[in-house]
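Chemist: Contents of query.pdb (PDB, N, CA and C atoms, pLDDT in the B column) are below:
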```pdb
MODEL        1
ATOM      1  N   MET A  62     101.775 130.539 101.869  1.00 67.00           N
ATOM      2  CA  MET A  62     103.012 131.216 102.240  1.00 67.00           C
ATOM      3  C   MET A  62     104.129 130.197 102.408  1.00 67.00           C
ATOM      4  N   ALA A  63     105.303 130.611 102.050  1.00 84.00           N
ATOM      5  CA  ALA A  63     106.466 129.735 102.184  1.00 84.00           C
ATOM      6  C   ALA A  63     106.759 129.411 103.645  1.00 84.00           C
ATOM      7  N   ALA A  64     106.406 130.310 104.549  1.00 93.00           N
ATOM      8  CA  ALA A  64     106.642 130.070 105.976  1.00 93.00           C
ATOM      9  C   ALA A  64     105.848 128.860 106.456  1.00 93.00           C
ATOM     10  N   HIS A  65     104.630 128.693 105.956  1.00 94.00           N
ATOM     11  CA  HIS A  65     103.824 127.529 106.327  1.00 94.00           C
ATOM     12  C   HIS A  65     104.502 126.248 105.860  1.00 94.00           C
ATOM     13  N   LYS A  66     105.004 126.269 104.640  1.00 95.00           N
ATOM     14  CA  LYS A  66     105.664 125.089 104.080  1.00 95.00           C
ATOM     15  C   LYS A  66     106.894 124.731 104.907  1.00 95.00           C
ATOM     16  N   GLU A  67     107.654 125.731 105.319  1.00 96.00           N
ATOM     17  CA  GLU A  67     108.862 125.476 106.105  1.00 96.00           C
ATOM     18  C   GLU A  67     108.537 124.943 107.495  1.00 96.00           C
ATOM     19  N   LYS A  68     107.435 125.398 108.095  1.00 97.00           N
ATOM     20  CA  LYS A  68     107.016 124.863 109.395  1.00 97.00           C
ATOM     21  C   LYS A  68     106.654 123.388 109.273  1.00 97.00           C
ATOM     22  N   VAL A  69     105.955 123.044 108.200  1.00 97.00           N
ATOM     23  CA  VAL A  69     105.586 121.648 107.967  1.00 97.00           C
ATOM     24  C   VAL A  69     106.839 120.817 107.730  1.00 97.00           C
ATOM     25  N   ARG A  70     107.741 121.308 106.901  1.00 97.00           N
ATOM     26  CA  ARG A  70     108.989 120.589 106.614  1.00 97.00           C
ATOM     27  C   ARG A  70     109.765 120.339 107.914  1.00 97.00           C
ATOM     28  N   ALA A  71     109.905 121.361 108.737  1.00 97.00           N
ATOM     29  CA  ALA A  71     110.653 121.233 109.990  1.00 97.00           C
ATOM     30  C   ALA A  71     109.991 120.208 110.912  1.00 97.00           C
ATOM     31  N   PHE A  72     108.657 120.220 110.986  1.00 97.00           N
ATOM     32  CA  PHE A  72     107.941 119.259 111.821  1.00 97.00           C
ATOM     33  C   PHE A  72     108.197 117.831 111.347  1.00 97.00           C
ATOM     34  N   ILE A  73     108.101 117.608 110.043  1.00 97.00           N
ATOM     35  CA  ILE A  73     108.334 116.265 109.483  1.00 97.00           C
ATOM     36  C   ILE A  73     109.748 115.799 109.774  1.00 97.00           C
ATOM     37  N   ILE A  74     110.719 116.646 109.521  1.00 97.00           N
ATOM     38  CA  ILE A  74     112.122 116.276 109.739  1.00 97.00           C
ATOM     39  C   ILE A  74     112.383 115.989 111.211  1.00 97.00           C
ATOM     40  N   ASP A  75     111.927 116.864 112.079  1.00 96.00           N
ATOM     41  CA  ASP A  75     112.197 116.710 113.514  1.00 96.00           C
ATOM     42  C   ASP A  75     111.480 115.529 114.136  1.00 96.00           C
ATOM     43  N   ASN A  76     110.253 115.271 113.709  1.00 96.00           N
ATOM     44  CA  ASN A  76     109.445 114.259 114.376  1.00 96.00           C
ATOM     45  C   ASN A  76     109.443 112.879 113.718  1.00 96.00           C
ATOM     46  N   PHE A  77     109.757 112.810 112.442  1.00 96.00           N
ATOM     47  CA  PHE A  77     109.665 111.526 111.753  1.00 96.00           C
ATOM     48  C   PHE A  77     110.956 111.094 111.057  1.00 96.00           C
ATOM     49  N   MET A  78     111.888 112.017 110.869  1.00 95.00           N
ATOM     50  CA  MET A  78     113.102 111.683 110.121  1.00 95.00           C
ATOM     51  C   MET A  78     114.361 111.856 110.976  1.00 95.00           C
ATOM     52  N   PHE A  79     114.179 111.935 112.277  1.00 90.00           N
ATOM     53  CA  PHE A  79     115.291 112.016 113.219  1.00 90.00           C
ATOM     54  C   PHE A  79     116.268 113.139 112.892  1.00 90.00           C
ATOM     55  N   GLY A  80     115.732 114.248 112.403  1.00 91.00           N
ATOM     56  CA  GLY A  80     116.541 115.429 112.138  1.00 91.00           C
ATOM     57  C   GLY A  80     117.294 115.437 110.826  1.00 91.00           C
ATOM     58  N   SER A  81     117.128 114.410 110.021  1.00 92.00           N
ATOM     59  CA  SER A  81     117.841 114.327 108.744  1.00 92.00           C
ATOM     60  C   SER A  81     116.860 114.445 107.580  1.00 92.00           C
ATOM     61  N   ALA A  82     117.090 115.423 106.716  1.00 92.00           N
ATOM     62  CA  ALA A  82     116.194 115.650 105.578  1.00 92.00           C
ATOM     63  C   ALA A  82     116.617 114.878 104.336  1.00 92.00           C
ATOM     64  N   ASP A  83     117.514 113.908 104.482  1.00 91.00           N
ATOM     65  CA  ASP A  83     118.005 113.152 103.328  1.00 91.00           C
ATOM     66  C   ASP A  83     116.866 112.571 102.504  1.00 91.00           C
ATOM     67  N   GLY A  84     116.817 112.937 101.236  1.00 91.00           N
ATOM     68  CA  GLY A  84     115.838 112.402 100.305  1.00 91.00           C
ATOM     69  C   GLY A  84     114.465 113.048 100.366  1.00 91.00           C
ATOM     70  N   LEU A  85     114.273 114.013 101.260  1.00 96.00           N
ATOM     71  CA  LEU A  85     112.962 114.644 101.392  1.00 96.00           C
ATOM     72  C   LEU A  85     112.848 115.828 100.441  1.00 96.00           C
ATOM     73  N   THR A  86     111.894 115.737  99.524  1.00 97.00           N
ATOM     74  CA  THR A  86     111.578 116.861  98.647  1.00 97.00           C
ATOM     75  C   THR A  86     110.141 117.288  98.952  1.00 97.00           C
ATOM     76  N   ASP A  87     109.710 118.345  98.343  1.00 97.00           N
ATOM     77  CA  ASP A  87     108.338 118.805  98.546  1.00 97.00           C
ATOM     78  C   ASP A  87     107.321 117.788  98.035  1.00 97.00           C
ATOM     79  N   GLU A  88     107.734 116.933  97.111  1.00 97.00           N
ATOM     80  CA  GLU A  88     106.824 115.964  96.496  1.00 97.00           C
ATOM     81  C   GLU A  88     106.952 114.559  97.074  1.00 97.00           C
ATOM     82  N   THR A  89     107.882 114.326  97.976  1.00 97.00           N
ATOM     83  CA  THR A  89     108.081 112.990  98.552  1.00 97.00           C
ATOM     84  C   THR A  89     106.808 112.523  99.254  1.00 97.00           C
ATOM     85  N   SER A  90     106.356 111.327  98.904  1.00 97.00           N
ATOM     86  CA  SER A  90     105.172 110.746  99.550  1.00 97.00           C
ATOM     87  C   SER A  90     105.559 110.230 100.929  1.00 97.00           C
ATOM     88  N   PHE A  91     104.911 110.770 101.954  1.00 96.00           N
ATOM     89  CA  PHE A  91     105.186 110.330 103.316  1.00 96.00           C
ATOM     90  C   PHE A  91     104.846 108.856 103.502  1.00 96.00           C
ATOM     91  N   LEU A  92     103.750 108.417 102.912  1.00 94.00           N
ATOM     92  CA  LEU A  92     103.295 107.043 103.087  1.00 94.00           C
ATOM     93  C   LEU A  92     104.113 106.071 102.245  1.00 94.00           C
ATOM     94  N   ASP A  93     104.312 106.385 100.970  1.00 95.00           N
ATOM     95  CA  ASP A  93     105.060 105.487 100.080  1.00 95.00           C
ATOM     96  C   ASP A  93     106.497 105.293 100.544  1.00 95.00           C
ATOM     97  N   GLU A  94     107.093 106.333 101.109  1.00 95.00           N
ATOM     98  CA  GLU A  94     108.487 106.261 101.550  1.00 95.00           C
ATOM     99  C   GLU A  94     108.626 105.788 102.998  1.00 95.00           C
ATOM    100  N   GLY A  95     107.498 105.513 103.651  1.00 94.00           N
ATOM    101  CA  GLY A  95     107.546 105.020 105.022  1.00 94.00           C
ATOM    102  C   GLY A  95     107.962 106.068 106.045  1.00 94.00           C
ATOM    103  N   ILE A  96     107.808 107.331 105.698  1.00 95.00           N
ATOM    104  CA  ILE A  96     108.181 108.415 106.615  1.00 95.00           C
ATOM    105  C   ILE A  96     107.151 108.528 107.732  1.00 95.00           C
ATOM    106  N   ILE A  97     105.879 108.417 107.371  1.00 95.00           N
ATOM    107  CA  ILE A  97     104.788 108.538 108.332  1.00 95.00           C
ATOM    108  C   ILE A  97     103.857 107.337 108.168  1.00 95.00           C
ATOM    109  N   ASP A  98     103.430 106.778 109.309  1.00 93.00           N
ATOM    110  CA  ASP A  98     102.424 105.711 109.284  1.00 93.00           C
ATOM    111  C   ASP A  98     101.091 106.289 109.737  1.00 93.00           C
ATOM    112  N   SER A  99     100.118 105.457 109.964  1.00 89.00           N
ATOM    113  CA  SER A  99      98.781 105.949 110.317  1.00 89.00           C
ATOM    114  C   SER A  99      98.782 106.730 111.628  1.00 89.00           C
ATOM    115  N   THR A 100      99.567 106.303 112.589  1.00 93.00           N
ATOM    116  CA  THR A 100      99.676 107.043 113.845  1.00 93.00           C
ATOM    117  C   THR A 100     100.354 108.384 113.608  1.00 93.00           C
ATOM    118  N   GLY A 101     101.333 108.398 112.739  1.00 95.00           N
ATOM    119  CA  GLY A 101     102.027 109.639 112.403  1.00 95.00           C
ATOM    120  C   GLY A 101     101.106 110.658 111.749  1.00 95.00           C
ATOM    121  N   ILE A 102     100.165 110.168 110.955  1.00 95.00           N
ATOM    122  CA  ILE A 102      99.194 111.073 110.334  1.00 95.00           C
ATOM    123  C   ILE A 102      98.403 111.796 111.414  1.00 95.00           C
ATOM    124  N   LEU A 103      98.033 111.086 112.469  1.00 95.00           N
ATOM    125  CA  LEU A 103      97.299 111.711 113.571  1.00 95.00           C
ATOM    126  C   LEU A 103      98.157 112.764 114.266  1.00 95.00           C
ATOM    127  N   GLU A 104      99.451 112.492 114.418  1.00 97.00           N
ATOM    128  CA  GLU A 104     100.370 113.483 114.993  1.00 97.00           C
ATOM    129  C   GLU A 104     100.468 114.702 114.088  1.00 97.00           C
ATOM    130  N   LEU A 105     100.552 114.477 112.792  1.00 98.00           N
ATOM    131  CA  LEU A 105     100.616 115.573 111.832  1.00 98.00           C
ATOM    132  C   LEU A 105      99.347 116.413 111.897  1.00 98.00           C
ATOM    133  N   VAL A 106      98.205 115.766 111.953  1.00 98.00           N
ATOM    134  CA  VAL A 106      96.929 116.477 112.034  1.00 98.00           C
ATOM    135  C   VAL A 106      96.879 117.333 113.296  1.00 98.00           C
ATOM    136  N   ASP A 107      97.295 116.774 114.416  1.00 98.00           N
ATOM    137  CA  ASP A 107      97.303 117.527 115.669  1.00 98.00           C
ATOM    138  C   ASP A 107      98.208 118.753 115.553  1.00 98.00           C
ATOM    139  N   PHE A 108      99.383 118.570 114.971  1.00 98.00           N
ATOM    140  CA  PHE A 108     100.305 119.687 114.757  1.00 98.00           C
ATOM    141  C   PHE A 108      99.665 120.770 113.885  1.00 98.00           C
ATOM    142  N   LEU A 109      99.063 120.371 112.777  1.00 98.00           N
ATOM    143  CA  LEU A 109      98.458 121.341 111.863  1.00 98.00           C
ATOM    144  C   LEU A 109      97.330 122.111 112.538  1.00 98.00           C
ATOM    145  N   GLU A 110      96.502 121.404 113.295  1.00 98.00           N
ATOM    146  CA  GLU A 110      95.400 122.068 113.972  1.00 98.00           C
ATOM    147  C   GLU A 110      95.908 123.069 115.007  1.00 98.00           C
ATOM    148  N   GLN A 111      96.924 122.681 115.755  1.00 98.00           N
ATOM    149  CA  GLN A 111      97.475 123.564 116.788  1.00 98.00           C
ATOM    150  C   GLN A 111      98.256 124.735 116.174  1.00 98.00           C
ATOM    151  N   GLU A 112      99.105 124.425 115.228  1.00 97.00           N
ATOM    152  CA  GLU A 112     100.000 125.435 114.648  1.00 97.00           C
ATOM    153  C   GLU A 112      99.268 126.467 113.803  1.00 97.00           C
ATOM    154  N   PHE A 113      98.272 126.021 113.051  1.00 97.00           N
ATOM    155  CA  PHE A 113      97.622 126.909 112.093  1.00 97.00           C
ATOM    156  C   PHE A 113      96.187 127.270 112.478  1.00 97.00           C
ATOM    157  N   GLY A 114      95.717 126.751 113.612  1.00 96.00           N
ATOM    158  CA  GLY A 114      94.379 127.100 114.088  1.00 96.00           C
ATOM    159  C   GLY A 114      93.267 126.655 113.162  1.00 96.00           C
ATOM    160  N   ILE A 115      93.452 125.480 112.557  1.00 97.00           N
ATOM    161  CA  ILE A 115      92.439 124.947 111.649  1.00 97.00           C
ATOM    162  C   ILE A 115      91.810 123.703 112.263  1.00 97.00           C
ATOM    163  N   GLN A 116      90.647 123.341 111.766  1.00 97.00           N
ATOM    164  CA  GLN A 116      89.966 122.106 112.172  1.00 97.00           C
ATOM    165  C   GLN A 116      89.967 121.174 110.971  1.00 97.00           C
ATOM    166  N   ILE A 117      90.512 119.985 111.143  1.00 97.00           N
ATOM    167  CA  ILE A 117      90.575 119.014 110.057  1.00 97.00           C
ATOM    168  C   ILE A 117      89.516 117.947 110.310  1.00 97.00           C
ATOM    169  N   GLU A 118      88.611 117.807 109.362  1.00 96.00           N
ATOM    170  CA  GLU A 118      87.505 116.848 109.470  1.00 96.00           C
ATOM    171  C   GLU A 118      87.971 115.462 109.031  1.00 96.00           C
ATOM    172  N   ASP A 119      87.289 114.437 109.517  1.00 95.00           N
ATOM    173  CA  ASP A 119      87.650 113.054 109.174  1.00 95.00           C
ATOM    174  C   ASP A 119      87.718 112.827 107.668  1.00 95.00           C
ATOM    175  N   GLU A 120      86.765 113.404 106.924  1.00 97.00           N
ATOM    176  CA  GLU A 120      86.741 113.183 105.478  1.00 97.00           C
ATOM    177  C   GLU A 120      87.899 113.873 104.752  1.00 97.00           C
ATOM    178  N   GLU A 121      88.617 114.740 105.458  1.00 97.00           N
ATOM    179  CA  GLU A 121      89.781 115.419 104.868  1.00 97.00           C
ATOM    180  C   GLU A 121      91.078 114.646 105.094  1.00 97.00           C
ATOM    181  N   LEU A 122      91.005 113.538 105.822  1.00 95.00           N
ATOM    182  CA  LEU A 122      92.185 112.724 106.112  1.00 95.00           C
ATOM    183  C   LEU A 122      92.479 111.784 104.950  1.00 95.00           C
ATOM    184  N   VAL A 123      92.871 112.361 103.836  1.00 95.00           N
ATOM    185  CA  VAL A 123      93.167 111.606 102.619  1.00 95.00           C
ATOM    186  C   VAL A 123      94.554 111.993 102.111  1.00 95.00           C
ATOM    187  N   PRO A 124      95.205 111.099 101.366  1.00 94.00           N
ATOM    188  CA  PRO A 124      96.543 111.399 100.854  1.00 94.00           C
ATOM    189  C   PRO A 124      96.622 112.685 100.036  1.00 94.00           C
ATOM    190  N   GLU A 125      95.557 113.002  99.317  1.00 96.00           N
ATOM    191  CA  GLU A 125      95.572 114.216  98.503  1.00 96.00           C
ATOM    192  C   GLU A 125      95.820 115.462  99.366  1.00 96.00           C
ATOM    193  N   ASN A 126      95.505 115.384 100.648  1.00 97.00           N
ATOM    194  CA  ASN A 126      95.703 116.516 101.556  1.00 97.00           C
ATOM    195  C   ASN A 126      96.953 116.391 102.419  1.00 97.00           C
ATOM    196  N   LEU A 127      97.386 115.170 102.708  1.00 97.00           N
ATOM    197  CA  LEU A 127      98.371 115.001 103.777  1.00 97.00           C
ATOM    198  C   LEU A 127      99.570 114.134 103.431  1.00 97.00           C
ATOM    199  N   ASP A 128      99.803 113.811 102.171  1.00 96.00           N
ATOM    200  CA  ASP A 128     100.845 112.831 101.840  1.00 96.00           C
ATOM    201  C   ASP A 128     102.162 113.409 101.341  1.00 96.00           C
ATOM    202  N   SER A 129     102.313 114.708 101.326  1.00 97.00           N
ATOM    203  CA  SER A 129     103.598 115.312 100.952  1.00 97.00           C
ATOM    204  C   SER A 129     103.605 116.738 101.476  1.00 97.00           C
ATOM    205  N   ILE A 130     104.763 117.341 101.476  1.00 97.00           N
ATOM    206  CA  ILE A 130     104.853 118.732 101.927  1.00 97.00           C
ATOM    207  C   ILE A 130     103.999 119.619 101.036  1.00 97.00           C
ATOM    208  N   THR A 131     104.046 119.412  99.741  1.00 97.00           N
ATOM    209  CA  THR A 131     103.245 120.211  98.813  1.00 97.00           C
ATOM    210  C   THR A 131     101.757 120.026  99.071  1.00 97.00           C
ATOM    211  N   ASN A 132     101.326 118.774  99.252  1.00 97.00           N
ATOM    212  CA  ASN A 132      99.905 118.521  99.515  1.00 97.00           C
ATOM    213  C   ASN A 132      99.459 119.185 100.809  1.00 97.00           C
ATOM    214  N   VAL A 133     100.262 119.061 101.856  1.00 98.00           N
ATOM    215  CA  VAL A 133      99.913 119.663 103.145  1.00 98.00           C
ATOM    216  C   VAL A 133      99.863 121.178 103.024  1.00 98.00           C
ATOM    217  N   HIS A 134     100.837 121.752 102.339  1.00 97.00           N
ATOM    218  CA  HIS A 134     100.891 123.203 102.178  1.00 97.00           C
ATOM    219  C   HIS A 134      99.650 123.711 101.439  1.00 97.00           C
ATOM    220  N   THR A 135      99.294 123.062 100.348  1.00 97.00           N
ATOM    221  CA  THR A 135      98.105 123.450  99.582  1.00 97.00           C
ATOM    222  C   THR A 135      96.856 123.315 100.445  1.00 97.00           C
ATOM    223  N   PHE A 136      96.764 122.227 101.196  1.00 98.00           N
ATOM    224  CA  PHE A 136      95.627 121.992 102.072  1.00 98.00           C
ATOM    225  C   PHE A 136      95.516 123.101 103.129  1.00 98.00           C
ATOM    226  N   ILE A 137      96.621 123.455 103.762  1.00 97.00           N
ATOM    227  CA  ILE A 137      96.629 124.509 104.773  1.00 97.00           C
ATOM    228  C   ILE A 137      96.173 125.814 104.161  1.00 97.00           C
ATOM    229  N   GLU A 138      96.742 126.161 103.027  1.00 96.00           N
ATOM    230  CA  GLU A 138      96.381 127.425 102.381  1.00 96.00           C
ATOM    231  C   GLU A 138      94.892 127.479 102.049  1.00 96.00           C
ATOM    232  N   ASN A 139      94.348 126.355 101.572  1.00 96.00           N
ATOM    233  CA  ASN A 139      92.915 126.297 101.259  1.00 96.00           C
ATOM    234  C   ASN A 139      92.065 126.443 102.514  1.00 96.00           C
ATOM    235  N   LYS A 140      92.478 125.797 103.595  1.00 96.00           N
ATOM    236  CA  LYS A 140      91.732 125.882 104.854  1.00 96.00           C
ATOM    237  C   LYS A 140      91.772 127.307 105.413  1.00 96.00           C
ATOM    238  N   LEU A 141      92.920 127.932 105.346  1.00 95.00           N
ATOM    239  CA  LEU A 141      93.074 129.272 105.907  1.00 95.00           C
ATOM    240  C   LEU A 141      92.315 130.319 105.098  1.00 95.00           C
ATOM    241  N   SER A 142      92.166 130.088 103.795  1.00 93.00           N
ATOM    242  CA  SER A 142      91.483 131.067 102.956  1.00 93.00           C
ATOM    243  C   SER A 142      89.970 130.850 102.914  1.00 93.00           C
ATOM    244  N   ALA A 143      89.518 129.712 103.450  1.00 85.00           N
ATOM    245  CA  ALA A 143      88.074 129.402 103.433  1.00 85.00           C
ATOM    246  C   ALA A 143      87.309 130.222 104.470  1.00 85.00           C
TER     247      ALA A 143
ENDMDL
END
```
Take the structure from the file and write it as structure tokens.
Modeler:
Amino acid sequence: MAAHKEKVRAFIIDNFMFGSADGLTDETSFLDEGIIDSTGILELVDFLEQEFGIQIEDEELVPENLDSITNVHTFIENKLSA
């Protein structure tokens, strides 16, 4: 759902980009662009678990799941439909 994507976008902007979405697209790599570091990934995981009621396993903590808005959105949708 687009609402999930917008919640993730708002969280990233508010918590890691100081309220400015400059240069952030759905495909922007959080790690490559220095938006989120390893500690930030843990904050993102906590947010996702709380907001969407999902459990994220250690083996799921990979860039393919958590390195862009699109990746996070796809990951959430897959978790919710499982």
Chemist: Atom CA of Asp98 of chain A to atom C of Leu141 of chain A: how many Å, to one decimal?
Modeler: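 Atom C of Leu141 of chain A lies at a distance of 26.9 Å from atom CA of Asp98 of chain A.
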Chemist: Taking only C-alpha atoms into account, name the residue in A:Asp128, A:Glu138, A:Glu112, A:Asp75 that is nearest to Ser90 of chain A.
Modeler: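 Of all the options, A:Asp128 lies closest to Ser90 of chain A.
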Chemist: So the first atom is atom CA of Lys140 of chain A and the second is atom CA of Gly80 of chain A; what is the distance between them in Å, to one decimal place?
Modeler: 27.9 Å
Chemist: Using Å and a single decimal, report how far atom C of Thr89 of chain A sits from atom N of Ile130 of chain A.
Modeler: 5.7 Å
Chemist: Calculated over only C-alpha atoms, which of the candidates A:Thr100, A:Ala143, A:Glu110, A:Lys66 has the smallest distance to Glu88 of chain A?
Modeler: A:Lys66
Chemist: Dig up all the protein and nucleic acid residues within 12 Å of (102.6, 117.9, 95.5) in the file frame, using only C-alpha atoms, and format them as a ChimeraX atom specification.
Modeler: /A:66,86-91,124-136
